[in-house]
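Novice: Following this message is one structure expressed as structure tokens.
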Amino acid sequence: MDRHADADRARFAALLAAHQGLLRKLAWGFSTCAADRADLVQDMSAQLWAAFPRWDGVRPFSTWAYRVALNVALGERRQQRDATTTGIDDALVQSLASNDAGPEHVVGLQELGRAVAALDPLNRALLMLYLDDLPYREIGEILGLTESNVGVRLNRLKQRLRAKLETS
Amino acid sequence: MNPGIELDELKSAWRALDARLASLEGVGLDLAREQRAHERGNRTRASIRALWPLAFGQVVQFAIGAAVIVFAAMWWSSNLDQLHLVACGVFLHATGIWMAASAGYELALLSGLRWTMPVLDLQKRLAQLRQWRMRNSIMFAWIGCFAWVPMLVMAFAAAGVDLWVHRPLVVVAWIASSFATAGLLWLAIRAIRGGRLSKLAAELDANAAGQSMRRAELALADVARFEAEVR
């Protein structure tokens, strides 16, 4: 029994380590400061561990982890409704673009921060999944949308972003 | 927004984001590690600071011991024609030497404590200091049983009354009572070492170690707990 639990724990730890970048980026998109981000990553990890017995192992771990982690992030944003209006931590956007990032990334990272901060939580999640190159079907599975609905929403989102990029 | 930025560029920025966040997290971890080391240093320093009154006490004891040596040497060298006064002076001289030497040894033990040492090492050294203080306090108790007799004889002689010449029985009675006190002390030590009087033993142990020692040990235990928590 214990050996089984230990094996599960080790398997989960390995999967979590392999996908920590995913949690880090999601947390970045839904937190307003470094402390929030660390808390959110911790909450996401705890929730993933709690839900781990229910992962069927058929779906890719990343898809399942995205879904659970996004639920945590969106849930916490709902609880801190006021914070949603403040967007992403400005200091973090600045620090992302500080001098030790490559010059080609400086502008891109700042733009990315502004683009994500300007969106409502659902579109924020949609954009992040799109930027991660997930197929529409998987995005739909994660967000609970149909594949075609994902396509429509993404097209609108891209148009919005392009318009903003062109007008600014 | 910046002109010329395309959605594809946002994608490449998104890919770069993870490495950037990971490095920021690394900086955060380094800062946390540094903060923990700083906190540990503060607590260890506090435990060593708690021993300062002890060190001050030893400096005072060393000074008193040195003064006693000088006074006793002057005393017996100026009373060489009276053997009993020489004996009193030599006894006091030896007491002064022990006072100064034990204070010096304790100061050497204290100066060996560094806040940068591993906690276990510090705890070992504190235990060594505690043991030394226990033994030394017993030694002083033995000395105290007898030292008052030559001191009184010398005080009377200095006032112009040589008790050993005029009231030898009084001095003999004092010496006898010194031995009786020493006997009682020996019985008490035996009872304590034999496991009886455990409550009294614990109290004597704590008193002999001193409040500074207790504070330092508590502070060090706090450091050990802190280290265990952050490990």
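Following the order of the structure tokens, chains are lettered A, B, ..., residues in each are numbered from 1, and ligands are numbered from 1.
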Mind checking which residues fall within 9 Å of stretch 49-58 of chain A, counting only C-alpha atoms, ignoring those fewer than 5 positions away in the same chain, and posting them as a ChimeraX atom specification?
Specialist: /A:8-9,12,44,64,68
Novice: Residues of chain B that approach chain A to 6 Å or less, counting only C-alpha atoms: could you list each one with the shortest pair of atoms and its distance in Å to one decimal, rows by chain and increasing residue number, as CSV?
Specialist:
residue,atom,partner,partner_atom,distance
B:Met1,CA,A:Ser168,CA,4.7
B:Leu10,CA,A:Leu112,CA,5.7
B:Lys11,CA,A:Leu131,CA,5.1
B:Ala13,CA,A:Gly108,CA,5.2
B:Asp18,CA,A:Gly21,CA,5.8
Novice: Write a file of the selected residues as a PDB file, in the first residue's frame, keeping N, CA and C atoms.
Specialist:
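For reference, part-v1.pdb as written:
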ATOM      1  N   MET B   1       1.036  50.232 -28.000  1.00  0.00           N
ATOM      2  CA  MET B   1       1.897  49.085 -28.299  1.00  0.00           C
ATOM      3  C   MET B   1       2.901  49.436 -29.389  1.00  0.00           C
ATOM      4  N   LEU B  10       4.615  37.570 -30.392  1.00  0.00           N
ATOM      5  CA  LEU B  10       4.076  37.297 -29.048  1.00  0.00           C
ATOM      6  C   LEU B  10       4.337  35.840 -28.692  1.00  0.00           C
ATOM      7  N   LYS B  11       4.230  34.971 -29.716  1.00  0.00           N
ATOM      8  CA  LYS B  11       4.490  33.550 -29.472  1.00  0.00           C
ATOM      9  C   LYS B  11       5.932  33.322 -29.047  1.00  0.00           C
ATOM     10  N   ALA B  13       7.844  35.498 -27.674  1.00  0.00           N
ATOM     11  CA  ALA B  13       7.994  36.090 -26.344  1.00  0.00           C
ATOM     12  C   ALA B  13       7.444  35.132 -25.277  1.00  0.00           C
ATOM     13  N   ASP B  18       9.106  31.596 -20.142  1.00  0.00           N
ATOM     14  CA  ASP B  18       9.356  30.558 -19.142  1.00  0.00           C
ATOM     15  C   ASP B  18      10.775  30.637 -18.607  1.00  0.00           C
TER      16      ASP B  18
END
Novice: Can you list, as a PDB file with C-alpha atoms, in the first residue's frame, every protein, DNA or RNA residue that comes within 6 Å of stretch 81-95 of chain B when you count only C-alpha atoms, leaving out same-chain residues fewer than 2 positions away?
Specialist:
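For reference, part_22.pdb as written:
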ATOM      1  CA  ILE B  69      47.827  37.103  44.335  1.00  0.00           C
ATOM      2  CA  ALA B  72      48.872  37.495  49.437  1.00  0.00           C
ATOM      3  CA  TRP B  75      51.522  39.453  53.021  1.00  0.00           C
ATOM      4  CA  TRP B  76      53.514  36.257  53.387  1.00  0.00           C
ATOM      5  CA  ASN B  79      55.620  37.956  57.668  1.00  0.00           C
ATOM      6  CA  ILE B  97      46.046  31.773  41.464  1.00  0.00           C
ATOM      7  CA  TRP B  98      43.085  29.407  41.076  1.00  0.00           C
ATOM      8  CA  PRO B 150      43.069  32.246  56.981  1.00  0.00           C
TER       9      PRO B 150
END
Novice: Would you return as a ChimeraX atom specification the members of stretch 105-163 of chain B that DSSP assigns to alpha helix (DSSP H) on this structure's backbone?
Specialist: /B:105-111,119-158,163
Novice: Produce a file of the selected residues containing C-alpha atoms, as a PDB file, in the first residue's frame.
Specialist:
ATOM      1  CA  TYR B 105      40.555  29.161  31.123  1.00  0.00           C
ATOM      2  CA  GLU B 106      36.855  30.027  30.979  1.00  0.00           C
ATOM      3  CA  LEU B 107      37.603  33.150  28.916  1.00  0.00           C
ATOM      4  CA  ALA B 108      39.614  30.962  26.535  1.00  0.00           C
ATOM      5  CA  LEU B 109      36.626  28.601  26.212  1.00  0.00           C
ATOM      6  CA  LEU B 110      34.321  31.561  25.588  1.00  0.00           C
ATOM      7  CA  SER B 111      36.626  33.091  22.986  1.00  0.00           C
ATOM      8  CA  VAL B 119      25.233  24.665  15.594  1.00  0.00           C
ATOM      9  CA  LEU B 120      26.222  21.163  16.709  1.00  0.00           C
ATOM     10  CA  ASP B 121      29.802  22.298  17.253  1.00  0.00           C
ATOM     11  CA  LEU B 122      28.603  25.317  19.230  1.00  0.00           C
ATOM     12  CA  GLN B 123      26.354  23.102  21.330  1.00  0.00           C
ATOM     13  CA  LYS B 124      29.300  20.772  22.080  1.00  0.00           C
ATOM     14  CA  ARG B 125      31.450  23.696  23.146  1.00  0.00           C
ATOM     15  CA  LEU B 126      28.666  25.093  25.308  1.00  0.00           C
ATOM     16  CA  ALA B 127      28.282  21.667  26.943  1.00  0.00           C
ATOM     17  CA  GLN B 128      32.030  21.660  27.595  1.00  0.00           C
ATOM     18  CA  LEU B 129      31.767  25.142  29.132  1.00  0.00           C
ATOM     19  CA  ARG B 130      28.824  24.072  31.257  1.00  0.00           C
ATOM     20  CA  GLN B 131      30.704  21.006  32.525  1.00  0.00           C
ATOM     21  CA  TRP B 132      33.730  23.110  33.336  1.00  0.00           C
ATOM     22  CA  ARG B 133      31.589  25.627  35.252  1.00  0.00           C
ATOM     23  CA  MET B 134      29.973  22.807  37.228  1.00  0.00           C
ATOM     24  CA  ARG B 135      33.355  21.362  38.252  1.00  0.00           C
ATOM     25  CA  ASN B 136      34.773  24.785  38.964  1.00  0.00           C
ATOM     26  CA  SER B 137      31.849  25.735  41.177  1.00  0.00           C
ATOM     27  CA  ILE B 138      32.422  22.569  43.229  1.00  0.00           C
ATOM     28  CA  MET B 139      36.104  23.471  43.469  1.00  0.00           C
ATOM     29  CA  PHE B 140      35.192  26.956  44.709  1.00  0.00           C
ATOM     30  CA  ALA B 141      32.822  25.387  47.219  1.00  0.00           C
ATOM     31  CA  TRP B 142      35.738  23.305  48.600  1.00  0.00           C
ATOM     32  CA  ILE B 143      37.982  26.350  48.722  1.00  0.00           C
ATOM     33  CA  GLY B 144      35.218  28.397  50.371  1.00  0.00           C
ATOM     34  CA  CYS B 145      34.906  25.821  53.152  1.00  0.00           C
ATOM     35  CA  PHE B 146      38.458  26.646  54.303  1.00  0.00           C
ATOM     36  CA  ALA B 147      39.411  30.038  52.903  1.00  0.00           C
ATOM     37  CA  TRP B 148      37.474  32.057  55.438  1.00  0.00           C
ATOM     38  CA  VAL B 149      39.754  30.853  58.300  1.00  0.00           C
ATOM     39  CA  PRO B 150      43.069  32.246  56.981  1.00  0.00           C
ATOM     40  CA  MET B 151      41.248  35.352  55.815  1.00  0.00           C
ATOM     41  CA  LEU B 152      39.887  36.019  59.312  1.00  0.00           C
ATOM     42  CA  VAL B 153      43.255  35.236  60.909  1.00  0.00           C
ATOM     43  CA  MET B 154      44.912  37.667  58.497  1.00  0.00           C
ATOM     44  CA  ALA B 155      42.247  40.315  59.138  1.00  0.00           C
ATOM     45  CA  PHE B 156      42.734  40.067  62.904  1.00  0.00           C
ATOM     46  CA  ALA B 157      46.522  40.110  62.503  1.00  0.00           C
ATOM     47  CA  ALA B 158      46.266  43.197  60.331  1.00  0.00           C
ATOM     48  CA  LEU B 163      44.555  35.039  67.175  1.00  0.00           C
TER      49      LEU B 163
END
